[in-house]
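File shown here: run-v4.pdb, holding PDB, C-alpha atoms and all ligand atoms.
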```pdb
ATOM      1  CA  MET A   1      91.592  96.424 103.506  1.00  0.00           C
ATOM      2  CA  ASN A   2      95.149  96.399 102.205  1.00  0.00           C
ATOM      3  CA  VAL A   3      98.361  95.592 104.074  1.00  0.00           C
ATOM      4  CA  ALA A   4      99.218  99.260 104.647  1.00  0.00           C
ATOM      5  CA  ASP A   5      95.799  99.865 106.250  1.00  0.00           C
ATOM      6  CA  ASP A   6      96.179  96.869 108.556  1.00  0.00           C
ATOM      7  CA  LYS A   7      99.623  98.040 109.622  1.00  0.00           C
ATOM      8  CA  THR A   8      98.518 101.611 110.244  1.00  0.00           C
ATOM      9  CA  ILE A   9      95.642 100.390 112.424  1.00  0.00           C
ATOM     10  CA  VAL A  10      97.914  98.056 114.405  1.00  0.00           C
ATOM     11  CA  LYS A  11     100.629 100.690 114.766  1.00  0.00           C
ATOM     12  CA  ASP A  12      98.177 103.382 115.903  1.00  0.00           C
ATOM     13  CA  TYR A  13      96.576 100.950 118.349  1.00  0.00           C
ATOM     14  CA  PHE A  14      99.927 100.013 119.937  1.00  0.00           C
ATOM     15  CA  ASN A  15     100.869 103.690 120.184  1.00  0.00           C
ATOM     16  CA  SER A  16      97.623 104.589 122.002  1.00  0.00           C
ATOM     17  CA  THR A  17      94.962 102.475 123.799  1.00  0.00           C
ATOM     18  CA  GLY A  18      96.775  99.239 122.966  1.00  0.00           C
ATOM     19  CA  PHE A  19      99.965 100.571 124.504  1.00  0.00           C
ATOM     20  CA  ASP A  20      98.237 101.390 127.803  1.00  0.00           C
ATOM     21  CA  ARG A  21      96.487  98.042 127.860  1.00  0.00           C
ATOM     22  CA  TRP A  22      99.419  95.798 126.888  1.00  0.00           C
ATOM     23  CA  LYS A  23     101.974  97.666 128.991  1.00  0.00           C
ATOM     24  CA  ARG A  24      99.799  96.789 132.003  1.00  0.00           C
ATOM     25  CA  ILE A  25      99.192  93.198 130.902  1.00  0.00           C
ATOM     26  CA  TYR A  26     102.933  92.724 130.316  1.00  0.00           C
ATOM     27  CA  GLY A  27     103.762  94.305 133.679  1.00  0.00           C
ATOM     28  CA  ASP A  28     103.426  93.332 137.305  1.00  0.00           C
ATOM     29  CA  GLY A  29     100.913  95.922 138.550  1.00  0.00           C
ATOM     30  CA  GLU A  30      97.254  95.359 139.339  1.00  0.00           C
ATOM     31  CA  VAL A  31      95.038  94.257 136.433  1.00  0.00           C
ATOM     32  CA  ASN A  32      91.561  92.788 136.052  1.00  0.00           C
ATOM     33  CA  LYS A  33      90.941  89.021 135.993  1.00  0.00           C
ATOM     34  CA  VAL A  34      90.908  88.710 132.213  1.00  0.00           C
ATOM     35  CA  GLN A  35      94.127  90.680 131.884  1.00  0.00           C
ATOM     36  CA  LEU A  36      95.742  88.618 134.636  1.00  0.00           C
ATOM     37  CA  ASP A  37      94.813  85.442 132.783  1.00  0.00           C
ATOM     38  CA  ILE A  38      96.334  86.797 129.549  1.00  0.00           C
ATOM     39  CA  ARG A  39      99.440  87.935 131.459  1.00  0.00           C
ATOM     40  CA  ASN A  40      99.903  84.439 132.899  1.00  0.00           C
ATOM     41  CA  GLY A  41      99.287  82.739 129.546  1.00  0.00           C
ATOM     42  CA  HIS A  42     101.752  85.002 127.751  1.00  0.00           C
ATOM     43  CA  GLN A  43     104.359  84.466 130.465  1.00  0.00           C
ATOM     44  CA  GLN A  44     104.047  80.720 129.894  1.00  0.00           C
ATOM     45  CA  THR A  45     104.841  81.221 126.193  1.00  0.00           C
ATOM     46  CA  VAL A  46     107.860  83.386 127.050  1.00  0.00           C
ATOM     47  CA  ASP A  47     109.072  80.846 129.631  1.00  0.00           C
ATOM     48  CA  LYS A  48     108.767  77.987 127.141  1.00  0.00           C
ATOM     49  CA  VAL A  49     110.965  79.797 124.632  1.00  0.00           C
ATOM     50  CA  ILE A  50     113.560  80.594 127.277  1.00  0.00           C
ATOM     51  CA  ASN A  51     113.542  77.001 128.545  1.00  0.00           C
ATOM     52  CA  TRP A  52     113.990  75.601 125.013  1.00  0.00           C
ATOM     53  CA  LEU A  53     116.888  77.927 124.285  1.00  0.00           C
ATOM     54  CA  GLN A  54     118.558  77.443 127.667  1.00  0.00           C
ATOM     55  CA  ALA A  55     118.276  73.660 127.303  1.00  0.00           C
ATOM     56  CA  ASP A  56     120.361  73.892 124.096  1.00  0.00           C
ATOM     57  CA  GLY A  57     123.206  75.328 126.183  1.00  0.00           C
ATOM     58  CA  ASN A  58     124.509  77.763 123.544  1.00  0.00           C
ATOM     59  CA  LEU A  59     122.519  80.951 124.187  1.00  0.00           C
ATOM     60  CA  ALA A  60     125.628  83.045 124.775  1.00  0.00           C
ATOM     61  CA  GLN A  61     126.784  82.357 121.198  1.00  0.00           C
ATOM     62  CA  LEU A  62     123.504  83.296 119.536  1.00  0.00           C
ATOM     63  CA  SER A  63     122.332  86.412 117.725  1.00  0.00           C
ATOM     64  CA  ILE A  64     118.584  86.689 118.099  1.00  0.00           C
ATOM     65  CA  CYS A  65     116.111  88.918 116.287  1.00  0.00           C
ATOM     66  CA  ASP A  66     112.986  89.539 118.395  1.00  0.00           C
ATOM     67  CA  ALA A  67     110.545  90.878 115.788  1.00  0.00           C
ATOM     68  CA  GLY A  68     107.580  92.700 117.350  1.00  0.00           C
ATOM     69  CA  CYS A  69     109.310  92.739 120.740  1.00  0.00           C
ATOM     70  CA  GLY A  70     106.580  94.663 122.586  1.00  0.00           C
ATOM     71  CA  VAL A  71     107.852  95.881 125.952  1.00  0.00           C
ATOM     72  CA  GLY A  72     110.795  93.473 125.883  1.00  0.00           C
ATOM     73  CA  SER A  73     109.191  90.571 127.798  1.00  0.00           C
ATOM     74  CA  LEU A  74     111.341  88.071 125.880  1.00  0.00           C
ATOM     75  CA  SER A  75     114.269  90.246 124.739  1.00  0.00           C
ATOM     76  CA  ILE A  76     115.274  91.215 128.267  1.00  0.00           C
ATOM     77  CA  PRO A  77     115.518  87.690 129.757  1.00  0.00           C
ATOM     78  CA  LEU A  78     117.255  86.440 126.598  1.00  0.00           C
ATOM     79  CA  ALA A  79     119.886  89.170 126.940  1.00  0.00           C
ATOM     80  CA  GLU A  80     120.188  88.302 130.637  1.00  0.00           C
ATOM     81  CA  SER A  81     120.941  84.734 129.568  1.00  0.00           C
ATOM     82  CA  GLY A  82     123.814  85.984 127.412  1.00  0.00           C
ATOM     83  CA  ALA A  83     122.332  86.103 123.904  1.00  0.00           C
ATOM     84  CA  LYS A  84     122.906  89.116 121.651  1.00  0.00           C
ATOM     85  CA  VAL A  85     119.381  90.381 121.077  1.00  0.00           C
ATOM     86  CA  TYR A  86     118.214  92.685 118.259  1.00  0.00           C
ATOM     87  CA  ALA A  87     114.725  93.748 119.272  1.00  0.00           C
ATOM     88  CA  SER A  88     112.311  95.819 117.206  1.00  0.00           C
ATOM     89  CA  ASP A  89     108.662  96.787 117.129  1.00  0.00           C
ATOM     90  CA  ILE A  90     106.414  98.838 114.865  1.00  0.00           C
ATOM     91  CA  SER A  91     105.208 100.891 117.883  1.00  0.00           C
ATOM     92  CA  GLU A  92     107.520 103.570 119.214  1.00  0.00           C
ATOM     93  CA  MET A  93     105.593 103.594 122.495  1.00  0.00           C
ATOM     94  CA  MET A  94     106.200  99.867 123.031  1.00  0.00           C
ATOM     95  CA  VAL A  95     109.879 100.303 122.136  1.00  0.00           C
ATOM     96  CA  GLY A  96     110.153 103.281 124.523  1.00  0.00           C
ATOM     97  CA  GLU A  97     108.746 101.165 127.352  1.00  0.00           C
ATOM     98  CA  ALA A  98     111.032  98.244 126.442  1.00  0.00           C
ATOM     99  CA  LYS A  99     114.061 100.565 126.534  1.00  0.00           C
ATOM    100  CA  GLU A 100     113.071 101.856 129.984  1.00  0.00           C
ATOM    101  CA  ARG A 101     112.615  98.352 131.332  1.00  0.00           C
ATOM    102  CA  ALA A 102     115.954  97.236 129.891  1.00  0.00           C
ATOM    103  CA  ALA A 103     117.730 100.330 131.256  1.00  0.00           C
ATOM    104  CA  SER A 104     116.388  99.616 134.755  1.00  0.00           C
ATOM    105  CA  ILE A 105     118.074  96.206 134.599  1.00  0.00           C
ATOM    106  CA  PHE A 106     121.172  96.665 132.441  1.00  0.00           C
ATOM    107  CA  GLY A 107     121.814 100.405 132.779  1.00  0.00           C
ATOM    108  CA  ASN A 108     123.392 101.925 129.700  1.00  0.00           C
ATOM    109  CA  ASN A 109     123.924  98.836 127.606  1.00  0.00           C
ATOM    110  CA  ASP A 110     123.363  98.090 123.922  1.00  0.00           C
ATOM    111  CA  ASN A 111     122.086  94.576 124.565  1.00  0.00           C
ATOM    112  CA  PRO A 112     119.228  94.206 123.837  1.00  0.00           C
ATOM    113  CA  SER A 113     119.294  96.851 121.123  1.00  0.00           C
ATOM    114  CA  PHE A 114     115.854  98.306 120.392  1.00  0.00           C
ATOM    115  CA  ASP A 115     114.583  99.765 117.115  1.00  0.00           C
ATOM    116  CA  VAL A 116     111.250 101.116 115.911  1.00  0.00           C
ATOM    117  CA  GLN A 117     110.768  99.044 112.775  1.00  0.00           C
ATOM    118  CA  ASP A 118     108.051  97.244 110.845  1.00  0.00           C
ATOM    119  CA  LEU A 119     109.180  93.625 110.736  1.00  0.00           C
ATOM    120  CA  ALA A 120     108.720  93.662 106.958  1.00  0.00           C
ATOM    121  CA  ALA A 121     111.523  96.245 106.767  1.00  0.00           C
ATOM    122  CA  LEU A 122     113.992  94.265 108.899  1.00  0.00           C
ATOM    123  CA  SER A 123     117.198  93.175 107.210  1.00  0.00           C
ATOM    124  CA  GLY A 124     120.351  91.333 108.217  1.00  0.00           C
ATOM    125  CA  LYS A 125     120.959  87.757 109.312  1.00  0.00           C
ATOM    126  CA  TYR A 126     120.413  86.299 112.757  1.00  0.00           C
ATOM    127  CA  HIS A 127     121.011  82.798 114.079  1.00  0.00           C
ATOM    128  CA  THR A 128     117.457  82.760 115.433  1.00  0.00           C
ATOM    129  CA  VAL A 129     114.432  84.882 114.559  1.00  0.00           C
ATOM    130  CA  ILE A 130     111.589  84.997 117.077  1.00  0.00           C
ATOM    131  CA  CYS A 131     108.156  86.525 116.592  1.00  0.00           C
ATOM    132  CA  LEU A 132     105.745  85.993 119.483  1.00  0.00           C
ATOM    133  CA  ASP A 133     102.044  86.817 119.435  1.00  0.00           C
ATOM    134  CA  VAL A 134     102.287  89.292 116.537  1.00  0.00           C
ATOM    135  CA  LEU A 135     100.520  87.320 113.787  1.00  0.00           C
ATOM    136  CA  ILE A 136      97.226  87.651 115.675  1.00  0.00           C
ATOM    137  CA  HIS A 137      97.095  91.191 114.253  1.00  0.00           C
ATOM    138  CA  TYR A 138      97.324  90.132 110.604  1.00  0.00           C
ATOM    139  CA  PRO A 139      95.026  88.181 108.279  1.00  0.00           C
ATOM    140  CA  VAL A 140      96.220  84.887 106.795  1.00  0.00           C
ATOM    141  CA  ASN A 141      97.259  86.279 103.393  1.00  0.00           C
ATOM    142  CA  GLU A 142      99.531  88.875 105.050  1.00  0.00           C
ATOM    143  CA  ALA A 143     100.885  86.398 107.590  1.00  0.00           C
ATOM    144  CA  SER A 144     102.460  84.168 104.946  1.00  0.00           C
ATOM    145  CA  THR A 145     104.423  87.101 103.458  1.00  0.00           C
ATOM    146  CA  MET A 146     105.536  88.141 106.930  1.00  0.00           C
ATOM    147  CA  ILE A 147     106.617  84.624 107.893  1.00  0.00           C
ATOM    148  CA  SER A 148     108.537  84.231 104.609  1.00  0.00           C
ATOM    149  CA  HIS A 149     110.345  87.490 105.252  1.00  0.00           C
ATOM    150  CA  LEU A 150     111.252  86.428 108.802  1.00  0.00           C
ATOM    151  CA  CYS A 151     112.566  83.117 107.383  1.00  0.00           C
ATOM    152  CA  SER A 152     114.847  85.056 105.029  1.00  0.00           C
ATOM    153  CA  LEU A 153     116.479  86.714 108.076  1.00  0.00           C
ATOM    154  CA  ALA A 154     117.035  83.429 109.939  1.00  0.00           C
ATOM    155  CA  GLU A 155     120.280  81.521 109.397  1.00  0.00           C
ATOM    156  CA  SER A 156     119.265  78.483 111.455  1.00  0.00           C
ATOM    157  CA  ARG A 157     116.015  78.804 113.301  1.00  0.00           C
ATOM    158  CA  ILE A 158     112.680  80.582 113.510  1.00  0.00           C
ATOM    159  CA  ILE A 159     110.334  80.569 116.508  1.00  0.00           C
ATOM    160  CA  LEU A 160     106.753  81.783 116.039  1.00  0.00           C
ATOM    161  CA  SER A 161     103.629  81.894 118.127  1.00  0.00           C
ATOM    162  CA  PHE A 162     100.101  82.549 116.930  1.00  0.00           C
ATOM    163  CA  ALA A 163      96.491  81.950 117.954  1.00  0.00           C
ATOM    164  CA  PRO A 164      95.529  78.691 116.223  1.00  0.00           C
ATOM    165  CA  LYS A 165      92.386  78.417 114.156  1.00  0.00           C
ATOM    166  CA  THR A 166      91.327  75.278 116.075  1.00  0.00           C
ATOM    167  CA  PHE A 167      90.180  77.398 118.958  1.00  0.00           C
ATOM    168  CA  ALA A 168      88.226  79.699 116.680  1.00  0.00           C
ATOM    169  CA  LEU A 169      84.896  79.416 118.373  1.00  0.00           C
ATOM    170  CA  SER A 170      86.046  79.768 121.932  1.00  0.00           C
ATOM    171  CA  LEU A 171      88.403  82.550 120.962  1.00  0.00           C
ATOM    172  CA  LEU A 172      85.883  84.464 118.892  1.00  0.00           C
ATOM    173  CA  LYS A 173      83.529  84.464 121.829  1.00  0.00           C
ATOM    174  CA  LYS A 174      86.232  86.117 123.846  1.00  0.00           C
ATOM    175  CA  ILE A 175      87.456  88.638 121.341  1.00  0.00           C
ATOM    176  CA  GLY A 176      85.543  91.299 123.237  1.00  0.00           C
ATOM    177  CA  SER A 177      87.855  90.577 126.143  1.00  0.00           C
ATOM    178  CA  PHE A 178      90.990  90.853 124.025  1.00  0.00           C
ATOM    179  CA  PHE A 179      90.077  94.194 122.557  1.00  0.00           C
ATOM    180  CA  PRO A 180      87.451  95.856 124.735  1.00  0.00           C
ATOM    181  CA  GLY A 181      85.755  99.169 124.067  1.00  0.00           C
ATOM    182  CA  ALA A 182      87.121 101.562 121.508  1.00  0.00           C
ATOM    183  CA  SER A 183      90.129  99.398 120.718  1.00  0.00           C
ATOM    184  CA  LYS A 184      87.845  96.765 119.155  1.00  0.00           C
ATOM    185  CA  ALA A 185      88.949  98.441 115.896  1.00  0.00           C
ATOM    186  CA  THR A 186      91.916  96.076 116.052  1.00  0.00           C
ATOM    187  CA  ARG A 187      90.797  92.604 115.046  1.00  0.00           C
ATOM    188  CA  ALA A 188      92.242  89.307 116.194  1.00  0.00           C
ATOM    189  CA  TYR A 189      93.105  86.855 113.424  1.00  0.00           C
ATOM    190  CA  LEU A 190      93.502  83.111 113.851  1.00  0.00           C
ATOM    191  CA  HIS A 191      95.889  81.032 111.774  1.00  0.00           C
ATOM    192  CA  ARG A 192      95.722  77.349 110.854  1.00  0.00           C
ATOM    193  CA  GLU A 193      98.800  75.539 112.101  1.00  0.00           C
ATOM    194  CA  ALA A 194      98.969  73.586 108.822  1.00  0.00           C
ATOM    195  CA  ASP A 195      99.122  76.872 106.864  1.00  0.00           C
ATOM    196  CA  VAL A 196     101.963  78.206 109.007  1.00  0.00           C
ATOM    197  CA  VAL A 197     103.899  74.919 108.726  1.00  0.00           C
ATOM    198  CA  LYS A 198     103.426  75.012 104.943  1.00  0.00           C
ATOM    199  CA  VAL A 199     104.955  78.502 104.700  1.00  0.00           C
ATOM    200  CA  LEU A 200     107.844  77.458 106.954  1.00  0.00           C
ATOM    201  CA  SER A 201     108.472  74.380 104.869  1.00  0.00           C
ATOM    202  CA  ALA A 202     108.325  76.346 101.586  1.00  0.00           C
ATOM    203  CA  ASN A 203     111.144  78.455 103.048  1.00  0.00           C
ATOM    204  CA  GLY A 204     113.248  75.394 103.933  1.00  0.00           C
ATOM    205  CA  PHE A 205     112.307  75.050 107.618  1.00  0.00           C
ATOM    206  CA  THR A 206     111.145  71.936 109.493  1.00  0.00           C
ATOM    207  CA  VAL A 207     109.276  72.071 112.805  1.00  0.00           C
ATOM    208  CA  LYS A 208     111.417  70.658 115.620  1.00  0.00           C
ATOM    209  CA  ARG A 209     109.594  71.639 118.799  1.00  0.00           C
ATOM    210  CA  SER A 210     106.006  72.665 119.348  1.00  0.00           C
ATOM    211  CA  SER A 211     103.879  73.607 122.322  1.00  0.00           C
ATOM    212  CA  MET A 212     100.387  74.896 123.011  1.00  0.00           C
ATOM    213  CA  THR A 213      99.578  77.372 125.756  1.00  0.00           C
ATOM    214  CA  LYS A 214      95.938  77.633 126.646  1.00  0.00           C
ATOM    215  CA  THR A 215      94.391  79.519 129.522  1.00  0.00           C
ATOM    216  CA  ARG A 216      90.840  80.883 129.709  1.00  0.00           C
ATOM    217  CA  PHE A 217      91.536  83.916 127.541  1.00  0.00           C
ATOM    218  CA  TYR A 218      94.932  83.211 126.007  1.00  0.00           C
ATOM    219  CA  PHE A 219      95.644  80.725 123.226  1.00  0.00           C
ATOM    220  CA  SER A 220      99.008  80.450 121.581  1.00  0.00           C
ATOM    221  CA  ARG A 221     100.636  77.761 119.481  1.00  0.00           C
ATOM    222  CA  LEU A 222     104.431  77.966 119.657  1.00  0.00           C
ATOM    223  CA  LEU A 223     106.556  76.457 116.892  1.00  0.00           C
ATOM    224  CA  GLU A 224     110.315  76.168 116.565  1.00  0.00           C
ATOM    225  CA  ALA A 225     111.528  75.348 113.065  1.00  0.00           C
ATOM    226  CA  THR A 226     115.083  74.862 111.844  1.00  0.00           C
ATOM    227  CA  ARG A 227     116.781  74.778 108.441  1.00  0.00           C
TER     228      ARG A 227
HETATM  229  N1  LIG A 301     106.250  89.829 121.045  1.00  0.00           N
HETATM  230  C1  LIG A 301     105.929  90.579 122.235  1.00  0.00           C
HETATM  231  C2  LIG A 301     105.680  89.669 123.383  1.00  0.00           C
HETATM  232  O1  LIG A 301     105.328  88.496 123.164  1.00  0.00           O
HETATM  233  O2  LIG A 301     105.823  90.110 124.529  1.00  0.00           O
HETATM  234  C3  LIG A 301     104.751  91.525 122.032  1.00  0.00           C
HETATM  235  C4  LIG A 301     103.420  90.895 121.628  1.00  0.00           C
HETATM  236  S1  LIG A 301     102.125  92.122 121.394  1.00  0.00           S
HETATM  237  C5  LIG A 301     100.637  91.197 121.513  1.00  0.00           C
HETATM  238  C6  LIG A 301     102.235  92.415 119.648  1.00  0.00           C
HETATM  239  C7  LIG A 301     103.334  93.392 119.285  1.00  0.00           C
HETATM  240  O3  LIG A 301     103.570  93.300 117.881  1.00  0.00           O
HETATM  241  C8  LIG A 301     103.025  94.845 119.589  1.00  0.00           C
HETATM  242  O4  LIG A 301     104.046  95.402 120.359  1.00  0.00           O
HETATM  243  C9  LIG A 301     102.943  95.486 118.208  1.00  0.00           C
HETATM  244  O5  LIG A 301     103.336  96.841 118.174  1.00  0.00           O
HETATM  245  C10 LIG A 301     103.874  94.582 117.419  1.00  0.00           C
HETATM  246  N2  LIG A 301     103.669  94.587 115.957  1.00  0.00           N
HETATM  247  C11 LIG A 301     102.497  94.455 115.296  1.00  0.00           C
HETATM  248  N3  LIG A 301     102.710  94.485 113.972  1.00  0.00           N
HETATM  249  C12 LIG A 301     104.037  94.628 113.778  1.00  0.00           C
HETATM  250  C13 LIG A 301     104.863  94.727 112.622  1.00  0.00           C
HETATM  251  N4  LIG A 301     104.359  94.703 111.390  1.00  0.00           N
HETATM  252  N5  LIG A 301     106.187  94.863 112.799  1.00  0.00           N
HETATM  253  C14 LIG A 301     106.717  94.923 114.037  1.00  0.00           C
HETATM  254  N6  LIG A 301     105.987  94.850 115.178  1.00  0.00           N
HETATM  255  C15 LIG A 301     104.655  94.693 115.049  1.00  0.00           C
END
```
Please re-express this file's structure in structure tokens.
Amino acid sequence: MNVADDKTIVKDYFNSTGFDRWKRIYGDGEVNKVQLDIRNGHQQTVDKVINWLQADGNLAQLSICDAGCGVGSLSIPLAESGAKVYASDISEMMVGEAKERAASIFGNNDNPSFDVQDLAALSGKYHTVICLDVLIHYPVNEASTMISHLCSLAESRIILSFAPKTFALSLLKKIGSFFPGASKATRAYLHREADVVKVLSANGFTVKRSSMTKTRFYFSRLLEATR
């Protein structure tokens, strides 16, 4: 399958069954046990990023690109903390939901700004580029191109999270829980941390902070790398 095919599948998924599923997981309504576990795991990743950035004490001076922003789970609290957030996602449904959630908090405000955009088509320069839990949708050979592109947008820092290859067996067993039923068409890809670090380093970035979030059904390695 080529890159365009992978993207079309991911985009269609997040505009249909994936949208319904992930909007619920990334919400606060009732969900099943597996979804609740994933919700809690994902929230831990989001909280870690916010804690790192708040600890630096300069959030209000930062421009942040949230690539693959989903329903705004990270963009919204970052904007609440004073950062200027440029959020985008390949799925117009996810962006529509993110806009609604932001409007219910900020009213008519352009921060965060939301765009429907494939991250490969993003341009501009941002102090920090963040891409959480997106690489799981792309095979290793596509991930390195995507990471390199995100690096080219980042003046100082890039923050990425991905499902690490180390947990392959346990994760593979659970893939049915990630993408149940018809939506199994969307595969989950694992990435070796060493491969990701290599791409970051080839683009001039060094890992400064790192954290692993692991619940029963959610696995995510979080890396912060700076120039
Ligand atoms: N980053 C968000 C978060 O952590 O809350 C959302 C994570 S969700 C599992 C993955 C998101 O990546 C979906 O909203 C999907 O539409 C988006 N996505 C997948 N491929 C993308 C691409 N090539 N460019 C932009 N967004 C993409």
(message) Suppose a student applies the PyMOL selection byres (((chain A and resi 190) around 10) and not hetatm) to this structure; what residues should they get, written as a ChimeraX atom specification?
(response) /A:135-140,162-168,171-172,187-189,191-193,219-220
(request) Would you please work out which residue, of A:Met212, A:Val10, A:Ile105, A:Ala60, is nearest to ligand LIG 301 (chain A) when using all atoms listed in the file? (result)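 Among the listed residues, A:Val10 lies closest to ligand LIG 301 (chain A).
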Set out as JSON lines a contact list for chain A and ligand LIG 301 (chain A) with a cut-off of 6 Å, giving each residue of chain A that qualifies its closest atom pair and distance in Å to one decimal, counting only C-alpha atoms and all ligand atoms, ordered by chain and rising residue number.
```
{"residue": "A:Val10", "atom": "CA", "partner": "A:LIG301", "partner_atom": "C11", "distance": 5.9}
{"residue": "A:Lys11", "atom": "CA", "partner": "A:LIG301", "partner_atom": "O5", "distance": 5.8}
{"residue": "A:Phe14", "atom": "CA", "partner": "A:LIG301", "partner_atom": "O5", "distance": 5.0}
{"residue": "A:Ala67", "atom": "CA", "partner": "A:LIG301", "partner_atom": "C14", "distance": 5.8}
{"residue": "A:Gly68", "atom": "CA", "partner": "A:LIG301", "partner_atom": "N6", "distance": 3.4}
{"residue": "A:Cys69", "atom": "CA", "partner": "A:LIG301", "partner_atom": "N1", "distance": 4.2}
{"residue": "A:Gly70", "atom": "CA", "partner": "A:LIG301", "partner_atom": "O4", "distance": 3.5}
{"residue": "A:Ser73", "atom": "CA", "partner": "A:LIG301", "partner_atom": "O2", "distance": 4.7}
{"residue": "A:Asp89", "atom": "CA", "partner": "A:LIG301", "partner_atom": "N6", "distance": 3.8}
{"residue": "A:Ile90", "atom": "CA", "partner": "A:LIG301", "partner_atom": "C14", "distance": 4.0}
{"residue": "A:Ser91", "atom": "CA", "partner": "A:LIG301", "partner_atom": "O5", "distance": 4.5}
{"residue": "A:Met94", "atom": "CA", "partner": "A:LIG301", "partner_atom": "O4", "distance": 5.6}
{"residue": "A:Gln117", "atom": "CA", "partner": "A:LIG301", "partner_atom": "C14", "distance": 5.9}
{"residue": "A:Asp118", "atom": "CA", "partner": "A:LIG301", "partner_atom": "N5", "distance": 3.6}
{"residue": "A:Leu119", "atom": "CA", "partner": "A:LIG301", "partner_atom": "N5", "distance": 3.8}
{"residue": "A:Cys131", "atom": "CA", "partner": "A:LIG301", "partner_atom": "N1", "distance": 5.9}
{"residue": "A:Leu132", "atom": "CA", "partner": "A:LIG301", "partner_atom": "N1", "distance": 4.2}
{"residue": "A:Asp133", "atom": "CA", "partner": "A:LIG301", "partner_atom": "C4", "distance": 4.8}
{"residue": "A:Val134", "atom": "CA", "partner": "A:LIG301", "partner_atom": "C6", "distance": 4.4}
```
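Closest approach to A:Ser211 among A:Asp47, A:Glu155, A:Glu97, A:Glu142: A:Asp47, based on only C-alpha atoms.
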(request) Measuring atom to atom with only C-alpha atoms, identify which of A:His127, A:Lys99, A:Lys198, A:Arg221 is nearest to A:Phe114. (result)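 Answer, going by the shortest atom-to-atom distance: A:Lys99.
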Report the residues retrieved by the PyMOL selection byres (((chain A and resi 80) around 12) and not hetatm) from the displayed file, expressed as a JSON list (two decimals) with C-alpha atoms, keeping the file's coordinate frame.
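Dumped to out_34.json:
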```
[["chain", "number", "residue", "atom", "x", "y", "z"],
["A", 50, "ILE", "CA", 113.56, 80.59, 127.28],
["A", 54, "GLN", "CA", 118.56, 77.44, 127.67],
["A", 59, "LEU", "CA", 122.52, 80.95, 124.19],
["A", 60, "ALA", "CA", 125.63, 83.04, 124.78],
["A", 72, "GLY", "CA", 110.80, 93.47, 125.88],
["A", 73, "SER", "CA", 109.19, 90.57, 127.80],
["A", 74, "LEU", "CA", 111.34, 88.07, 125.88],
["A", 75, "SER", "CA", 114.27, 90.25, 124.74],
["A", 76, "ILE", "CA", 115.27, 91.22, 128.27],
["A", 77, "PRO", "CA", 115.52, 87.69, 129.76],
["A", 78, "LEU", "CA", 117.26, 86.44, 126.60],
["A", 79, "ALA", "CA", 119.89, 89.17, 126.94],
["A", 81, "SER", "CA", 120.94, 84.73, 129.57],
["A", 82, "GLY", "CA", 123.81, 85.98, 127.41],
["A", 83, "ALA", "CA", 122.33, 86.10, 123.90],
["A", 84, "LYS", "CA", 122.91, 89.12, 121.65],
["A", 85, "VAL", "CA", 119.38, 90.38, 121.08],
["A", 102, "ALA", "CA", 115.95, 97.24, 129.89],
["A", 105, "ILE", "CA", 118.07, 96.21, 134.60],
["A", 106, "PHE", "CA", 121.17, 96.66, 132.44],
["A", 109, "ASN", "CA", 123.92, 98.84, 127.61],
["A", 111, "ASN", "CA", 122.09, 94.58, 124.56],
["A", 112, "PRO", "CA", 119.23, 94.21, 123.84]]
```
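Proximity of A:Val49, A:Ile130, A:Val71, A:Val196 to A:Glu100, computed with all atoms listed in the file, is greatest for A:Val71.
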Hey, can I get the axis-aligned box for stretch 214-224 of chain A? All listed atoms, 4 Å padding on each side, centre and edge lengths in Å to one decimal, as AutoDock Vina command-line options.
```
--center_x 100.6 --center_y 80.0 --center_z 123.1 --size_x 27.5 --size_y 15.7 --size_z 21.1
```
(request) Could you jot down the atom CA of A:Glu92 to atom CA of A:Tyr26 separation for me, Å, one decimal place? (result) 16.2 Å
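The space separating atom CA of A:Thr45 from atom CA of A:Ala98 comes to 18.1 Å.
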(request) Mind giving me the straight-line distance from atom CA of A:Ser88 to atom CA of A:Val116 in Å, one decimal? (result) 5.6 Å
(message) Restricting the calculation to all atoms listed in the file: of A:Gly18, A:Leu36, A:Asn2, A:Lys7, which residue gets closest to A:Phe217?
(response)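 Distance minimum relative to A:Phe217 lands on A:Leu36.
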(request) For A:Val31, please output as a list of chain:residue names all residues within 12 Å (counting only C-alpha atoms; exclusion window: fewer than 5 positions along the same chain). (result) A:Asp20, A:Arg21, A:Trp22, A:Lys23, A:Arg24, A:Ile25, A:Tyr26, A:Leu36, A:Asp37, A:Ile38, A:Arg39, A:Asn40
(request) Excluding A:His149 and residues on its chain fewer than 6 positions from it, collect all residues at most 10 Å away from it, counting all atoms listed in the file, and give them as a list in words. (result)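 Selected residues are Leu119, Ala120, Ala121, Leu122, Ser123, Ala143 and Asn203 of chain A.
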(message) Using only C-alpha atoms, can you tell me which of A:Ser201, A:Asp6, A:Val95, A:Gly107 comes closest to A:Ser144?
(response)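 Of the candidates, the smallest distance to A:Ser144 is held by A:Ser201.
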